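A.B. asks: Take this structure first; my questions come after.
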Amino acid sequence: MTSDDRAHLIEIIDAARLILLDFDGPVCSIFAGLPAPVVAERLKSLLIARGTHLPAEVAALDDPLKVFRRTAEFAPDQADMIEAALMAAELEAAEVAELTQGIHDVIAESVATGRRVVIVSNNSEPAIKAVCDRAGFSAQLSGIVGRPMGDPALMKPHPRPVLLACEIAETTPKVAVLIGDSDFDMQAAGKAGSRSVGLADSPAKAIALRNAGAEALISSMEELATALNCVGDL
């Protein structure tokens with residue numbers, strides 16, 4: 001990160017009153033112990049067992065959230081069953097999820113400087129809460145906005161999760177910044193009128209996040225914690 005990049009990041013964080021954190025990536029690796037491709041195969045197997053024909057592009061998916069999202073489109077009558085199975089798998093995965101290095105410091109520095117923190121995710125709220133409880137920082141959060149049950153169309157990149165998080169924190173999107181590692185995060189922030197910081201672990205990811213609207217980039221949550229340590233108290 002150049003000095004100009006660091007200064008821009010600090011400017012964005014300094015102006016923020018609300019820190020929005022995507023869950024899988026910035027907070028933890030939810031599928032570290034129970035790999036996402038394994039969960040995706042479970043979901044696809046359930047569909048096949050129910051006699052559902054999988055489109056070729058769905059059969060090739062290794063992301064369980066994408067399998068669920070697509071199920072709601074091509075087999076809506078099976079969507080509730082797949083969502084229930086996905087939530088069960090997320091809760092199982094939460095027991096062995098790996099926390100992202102630096103996340104404790106990010107949350108602690110946010111709270112210490114008077115900024116509220118809300119997790120905004122396409123993962124289920126029970127799984128998110130389970131990880132946060134185990135990590136010991138649930139009490140420092142102002143809220144959790146998980147996957148909208150029964151309506152995957154309202155998952156990010158839809159702006160609803162960001163807007164709901166702002167309502168919970170009793171603030172406006174323009175003073176919120178979303179930290180995320182996916183195109184959907186950046187797009188959701190842009191649609192809601194919030195600022196965004198992309199977490200990129202490779203040059204290709206950095207380019208993709210920039211193209212999706214990221215205003216600044218970090219390569220680790222520790223960089224974000226350092227920026228928070230440089231801003232003023234609210």
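By convention here, the chains of the structure tokens are called A, B, ... in the order presented, each chain's residues are numbered starting at 1, and ligands are numbered starting at 1 in the order presented.
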Do a neighbour search on A:Pro152 at 6 Å with only C-alpha atoms, toss out local chain neighbours closer than 2 positions, and write the hits as a PyMOL selection string.

C.D. replies: chain A and resi 69+154-155

A.B. asks: Excluding A:Gly25 and any residue of its chain fewer than 6 positions from it, enumerate the residues within 10 Å of it, using only C-alpha atoms, and give them as a list in words.

C.D. replies: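 After dropping sequence-adjacent residues, the list is Glu98, Leu99, Thr100, Ile179, Gly180, Asp181, Ser182, Leu199, Ala200, Ser220 and Met221 of chain A.
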
A.B. asks: Kindly export the residues of the current selection with all heavy atoms, as a PDB file, in the first residue's frame.

C.D. replies:
ATOM      1  N   GLU A  98     -12.491 -20.456  10.876  1.00  0.00           N
ATOM      2  CA  GLU A  98     -11.244 -19.823  11.280  1.00  0.00           C
ATOM      3  C   GLU A  98     -11.390 -18.308  11.230  1.00  0.00           C
ATOM      4  O   GLU A  98     -11.750 -17.746  10.196  1.00  0.00           O
ATOM      5  CB  GLU A  98     -10.097 -20.253  10.360  1.00  0.00           C
ATOM      6  CG  GLU A  98      -9.741 -21.726  10.466  1.00  0.00           C
ATOM      7  CD  GLU A  98      -8.586 -22.108   9.560  1.00  0.00           C
ATOM      8  OE1 GLU A  98      -8.083 -21.222   8.825  1.00  0.00           O
ATOM      9  OE2 GLU A  98      -8.188 -23.280   9.579  1.00  0.00           O
ATOM     10  N   LEU A  99     -11.127 -17.646  12.351  1.00  0.00           N
ATOM     11  CA  LEU A  99     -11.209 -16.194  12.403  1.00  0.00           C
ATOM     12  C   LEU A  99     -10.129 -15.566  11.532  1.00  0.00           C
ATOM     13  O   LEU A  99      -9.016 -16.091  11.417  1.00  0.00           O
ATOM     14  CB  LEU A  99     -11.066 -15.694  13.835  1.00  0.00           C
ATOM     15  CG  LEU A  99     -12.208 -16.014  14.790  1.00  0.00           C
ATOM     16  CD1 LEU A  99     -11.892 -15.481  16.172  1.00  0.00           C
ATOM     17  CD2 LEU A  99     -13.522 -15.448  14.286  1.00  0.00           C
ATOM     18  N   THR A 100     -10.467 -14.444  10.927  1.00  0.00           N
ATOM     19  CA  THR A 100      -9.511 -13.710  10.101  1.00  0.00           C
ATOM     20  C   THR A 100      -8.557 -12.929  10.996  1.00  0.00           C
ATOM     21  O   THR A 100      -8.992 -12.243  11.929  1.00  0.00           O
ATOM     22  CB  THR A 100     -10.262 -12.746   9.168  1.00  0.00           C
ATOM     23  OG1 THR A 100     -11.138 -13.513   8.323  1.00  0.00           O
ATOM     24  CG2 THR A 100      -9.300 -11.958   8.298  1.00  0.00           C
ATOM     25  N   ILE A 179     -16.864  -3.126   4.414  1.00  0.00           N
ATOM     26  CA  ILE A 179     -15.619  -3.841   4.162  1.00  0.00           C
ATOM     27  C   ILE A 179     -15.986  -5.235   3.656  1.00  0.00           C
ATOM     28  O   ILE A 179     -16.633  -6.007   4.369  1.00  0.00           O
ATOM     29  CB  ILE A 179     -14.775  -3.988   5.454  1.00  0.00           C
ATOM     30  CG1 ILE A 179     -14.763  -2.692   6.263  1.00  0.00           C
ATOM     31  CG2 ILE A 179     -13.380  -4.480   5.104  1.00  0.00           C
ATOM     32  CD1 ILE A 179     -14.214  -1.499   5.544  1.00  0.00           C
ATOM     33  N   GLY A 180     -15.600  -5.559   2.436  1.00  0.00           N
ATOM     34  CA  GLY A 180     -15.976  -6.849   1.870  1.00  0.00           C
ATOM     35  C   GLY A 180     -14.945  -7.367   0.892  1.00  0.00           C
ATOM     36  O   GLY A 180     -14.055  -6.624   0.460  1.00  0.00           O
ATOM     37  N   ASP A 181     -15.088  -8.645   0.541  1.00  0.00           N
ATOM     38  CA  ASP A 181     -14.115  -9.258  -0.370  1.00  0.00           C
ATOM     39  C   ASP A 181     -14.751  -9.784  -1.645  1.00  0.00           C
ATOM     40  O   ASP A 181     -14.149 -10.598  -2.343  1.00  0.00           O
ATOM     41  CB  ASP A 181     -13.348 -10.374   0.340  1.00  0.00           C
ATOM     42  CG  ASP A 181     -14.235 -11.560   0.721  1.00  0.00           C
ATOM     43  OD1 ASP A 181     -15.472 -11.415   0.689  1.00  0.00           O
ATOM     44  OD2 ASP A 181     -13.676 -12.626   1.058  1.00  0.00           O
ATOM     45  N   SER A 182     -15.972  -9.331  -1.944  1.00  0.00           N
ATOM     46  CA  SER A 182     -16.634  -9.812  -3.163  1.00  0.00           C
ATOM     47  C   SER A 182     -17.206  -8.654  -3.966  1.00  0.00           C
ATOM     48  O   SER A 182     -17.466  -7.562  -3.430  1.00  0.00           O
ATOM     49  CB  SER A 182     -17.767 -10.789  -2.814  1.00  0.00           C
ATOM     50  OG  SER A 182     -18.899 -10.094  -2.333  1.00  0.00           O
ATOM     51  N   LEU A 199     -11.361  -6.026   0.377  1.00  0.00           N
ATOM     52  CA  LEU A 199     -10.312  -6.878   0.954  1.00  0.00           C
ATOM     53  C   LEU A 199      -9.838  -7.821  -0.142  1.00  0.00           C
ATOM     54  O   LEU A 199     -10.561  -8.733  -0.546  1.00  0.00           O
ATOM     55  CB  LEU A 199     -10.864  -7.660   2.148  1.00  0.00           C
ATOM     56  CG  LEU A 199      -9.948  -8.706   2.789  1.00  0.00           C
ATOM     57  CD1 LEU A 199      -8.667  -8.069   3.319  1.00  0.00           C
ATOM     58  CD2 LEU A 199     -10.680  -9.447   3.903  1.00  0.00           C
ATOM     59  N   ALA A 200      -8.623  -7.594  -0.640  1.00  0.00           N
ATOM     60  CA  ALA A 200      -8.123  -8.344  -1.794  1.00  0.00           C
ATOM     61  C   ALA A 200      -6.857  -9.102  -1.421  1.00  0.00           C
ATOM     62  O   ALA A 200      -5.901  -8.513  -0.900  1.00  0.00           O
ATOM     63  CB  ALA A 200      -7.825  -7.393  -2.952  1.00  0.00           C
ATOM     64  N   SER A 220      -5.230  -6.955   4.057  1.00  0.00           N
ATOM     65  CA  SER A 220      -5.451  -7.673   5.312  1.00  0.00           C
ATOM     66  C   SER A 220      -6.322  -6.821   6.227  1.00  0.00           C
ATOM     67  O   SER A 220      -6.369  -5.588   6.083  1.00  0.00           O
ATOM     68  CB  SER A 220      -4.128  -7.986   6.010  1.00  0.00           C
ATOM     69  OG  SER A 220      -3.553  -6.803   6.542  1.00  0.00           O
ATOM     70  N   MET A 221      -6.970  -7.461   7.174  1.00  0.00           N
ATOM     71  CA  MET A 221      -7.759  -6.717   8.152  1.00  0.00           C
ATOM     72  C   MET A 221      -6.851  -5.968   9.118  1.00  0.00           C
ATOM     73  O   MET A 221      -7.270  -4.992   9.752  1.00  0.00           O
ATOM     74  CB  MET A 221      -8.698  -7.663   8.893  1.00  0.00           C
ATOM     75  CG  MET A 221      -9.782  -8.261   8.009  1.00  0.00           C
ATOM     76  SD  MET A 221     -10.861  -7.007   7.241  1.00  0.00           S
ATOM     77  CE  MET A 221     -11.937  -6.615   8.632  1.00  0.00           C
TER      78      MET A 221
END

A.B. asks: Compile the contact shell of A:Glu57 as an MDAnalysis selection string: residues with an atom at most 12 Å away, counting only C-alpha atoms, same-chain residues fewer than 4 positions apart removed.

C.D. replies: chainID A and resid 44 53 61:63 66:67 70:71 74

A.B. asks: Limited to N, CA, C and O atoms, could you put the picked residues into a file as an mmCIF file, in the first residue's frame?

C.D. replies:
data_model
loop_
_atom_site.group_PDB
_atom_site.id
_atom_site.type_symbol
_atom_site.label_atom_id
_atom_site.label_comp_id
_atom_site.auth_asym_id
_atom_site.auth_seq_id
_atom_site.Cartn_x
_atom_site.Cartn_y
_atom_site.Cartn_z
ATOM 1 N N LYS A 44 -26.553 -30.104 -3.984
ATOM 2 C CA LYS A 44 -26.882 -30.624 -5.313
ATOM 3 C C LYS A 44 -27.379 -32.062 -5.232
ATOM 4 O O LYS A 44 -28.307 -32.448 -5.956
ATOM 5 N N HIS A 53 -33.721 -31.928 -12.048
ATOM 6 C CA HIS A 53 -32.658 -31.877 -13.049
ATOM 7 C C HIS A 53 -31.844 -30.605 -12.840
ATOM 8 O O HIS A 53 -32.401 -29.504 -12.783
ATOM 9 N N LEU A 61 -21.258 -25.715 -10.122
ATOM 10 C CA LEU A 61 -21.012 -24.767 -9.031
ATOM 11 C C LEU A 61 -20.371 -25.444 -7.821
ATOM 12 O O LEU A 61 -20.738 -26.566 -7.467
ATOM 13 N N ASP A 62 -19.431 -24.750 -7.187
ATOM 14 C CA ASP A 62 -18.837 -25.257 -5.950
ATOM 15 C C ASP A 62 -19.046 -24.291 -4.780
ATOM 16 O O ASP A 62 -18.425 -24.431 -3.733
ATOM 17 N N ASP A 63 -19.928 -23.328 -4.977
ATOM 18 C CA ASP A 63 -20.267 -22.352 -3.939
ATOM 19 C C ASP A 63 -21.698 -22.631 -3.479
ATOM 20 O O ASP A 63 -22.643 -22.492 -4.269
ATOM 21 N N LYS A 66 -24.304 -19.904 -4.078
ATOM 22 C CA LYS A 66 -24.717 -19.784 -5.474
ATOM 23 C C LYS A 66 -25.687 -20.910 -5.847
ATOM 24 O O LYS A 66 -26.627 -20.689 -6.615
ATOM 25 N N VAL A 67 -25.459 -22.106 -5.302
ATOM 26 C CA VAL A 67 -26.399 -23.208 -5.555
ATOM 27 C C VAL A 67 -27.777 -22.842 -5.030
ATOM 28 O O VAL A 67 -28.791 -23.037 -5.712
ATOM 29 N N ARG A 70 -29.399 -20.046 -7.199
ATOM 30 C CA ARG A 70 -29.872 -20.550 -8.486
ATOM 31 C C ARG A 70 -31.061 -21.498 -8.321
ATOM 32 O O ARG A 70 -31.951 -21.537 -9.176
ATOM 33 N N THR A 71 -31.098 -22.251 -7.207
ATOM 34 C CA THR A 71 -32.241 -23.145 -6.967
ATOM 35 C C THR A 71 -33.542 -22.358 -6.918
ATOM 36 O O THR A 71 -34.578 -22.799 -7.434
ATOM 37 N N PHE A 74 -34.479 -21.883 -10.724
ATOM 38 C CA PHE A 74 -34.869 -22.965 -11.627
ATOM 39 C C PHE A 74 -35.734 -24.042 -10.960
ATOM 40 O O PHE A 74 -36.388 -24.825 -11.641
#

A.B. asks: Show which residues sit within 10 Å of A:Leu47, as an NGL selection string. Count only C-alpha atoms, and ignore same-chain residues fewer than 3 positions away.

C.D. replies: :A and (41-44 or 50-54 or 71 or 75 or 78-79 or 81-82)

A.B. asks: What are the nearest atom pairs, with distances in Å to one decimal, for all residues of stretch 156-198 of chain A that come at most 8 Å from stretch 15-23 of chain A, using only C-alpha atoms, set out by chain and rising residue number as a Markdown table?

C.D. replies:
| residue | atom | partner | partner_atom | distance |
| --- | --- | --- | --- | --- |
| A:Val162 | CA | A:Leu20 | CA | 7.8 |
| A:Ala165 | CA | A:Leu20 | CA | 7.7 |
| A:Cys166 | CA | A:Leu18 | CA | 7.7 |
| A:Ala169 | CA | A:Leu18 | CA | 7.4 |
| A:Thr171 | CA | A:Leu18 | CA | 7.7 |
| A:Val175 | CA | A:Ala16 | CA | 4.8 |
| A:Ala176 | CA | A:Leu18 | CA | 4.6 |
| A:Val177 | CA | A:Ile19 | CA | 5.4 |
| A:Leu178 | CA | A:Leu20 | CA | 4.5 |
| A:Ile179 | CA | A:Leu21 | CA | 5.1 |
| A:Gly180 | CA | A:Asp22 | CA | 5.0 |
| A:Asp181 | CA | A:Asp22 | CA | 7.6 |
| A:Asp185 | CA | A:Asp22 | CA | 7.3 |

A.B. asks: Those residues with C-alpha atoms, as a PDB file, in the first residue's frame please?

C.D. replies:
ATOM      1  CA  VAL A 162     -26.815  -2.405   3.902  1.00  0.00           C
ATOM      2  CA  ALA A 165     -27.837  -2.291   8.907  1.00  0.00           C
ATOM      3  CA  CYS A 166     -27.969   1.504   8.752  1.00  0.00           C
ATOM      4  CA  ALA A 169     -27.352   1.655  13.763  1.00  0.00           C
ATOM      5  CA  THR A 171     -27.528   6.348  10.824  1.00  0.00           C
ATOM      6  CA  VAL A 175     -21.636   7.768   6.730  1.00  0.00           C
ATOM      7  CA  ALA A 176     -21.229   3.979   6.517  1.00  0.00           C
ATOM      8  CA  VAL A 177     -18.395   2.017   4.934  1.00  0.00           C
ATOM      9  CA  LEU A 178     -18.693  -1.625   3.925  1.00  0.00           C
ATOM     10  CA  ILE A 179     -15.619  -3.841   4.162  1.00  0.00           C
ATOM     11  CA  GLY A 180     -15.976  -6.849   1.870  1.00  0.00           C
ATOM     12  CA  ASP A 181     -14.115  -9.258  -0.370  1.00  0.00           C
ATOM     13  CA  ASP A 185     -20.274  -6.364  -1.407  1.00  0.00           C
TER      14      ASP A 185
END

A.B. asks: Quick one: pick out all alpha helix (DSSP H) residues within stretch 50-133 of chain A from a backbone DSSP run and write them as JSON, numbers by chain.

C.D. replies: {"A": [56, 57, 58, 59, 64, 65, 66, 67, 68, 69, 70, 71, 72, 73, 74, 79, 80, 81, 82, 83, 84, 85, 86, 87, 88, 89, 90, 91, 92, 93, 94, 103, 104, 105, 106, 107, 108, 109, 110, 111, 112, 125, 126, 127, 128, 129, 130, 131, 132, 133]}

A.B. asks: Select, from A:Ser29, A:Ser121, A:Gln140, A:Ser110, the residue with the minimum atom-to-atom distance to A:Ala94, counting only C-alpha atoms.

C.D. replies: A:Ser29
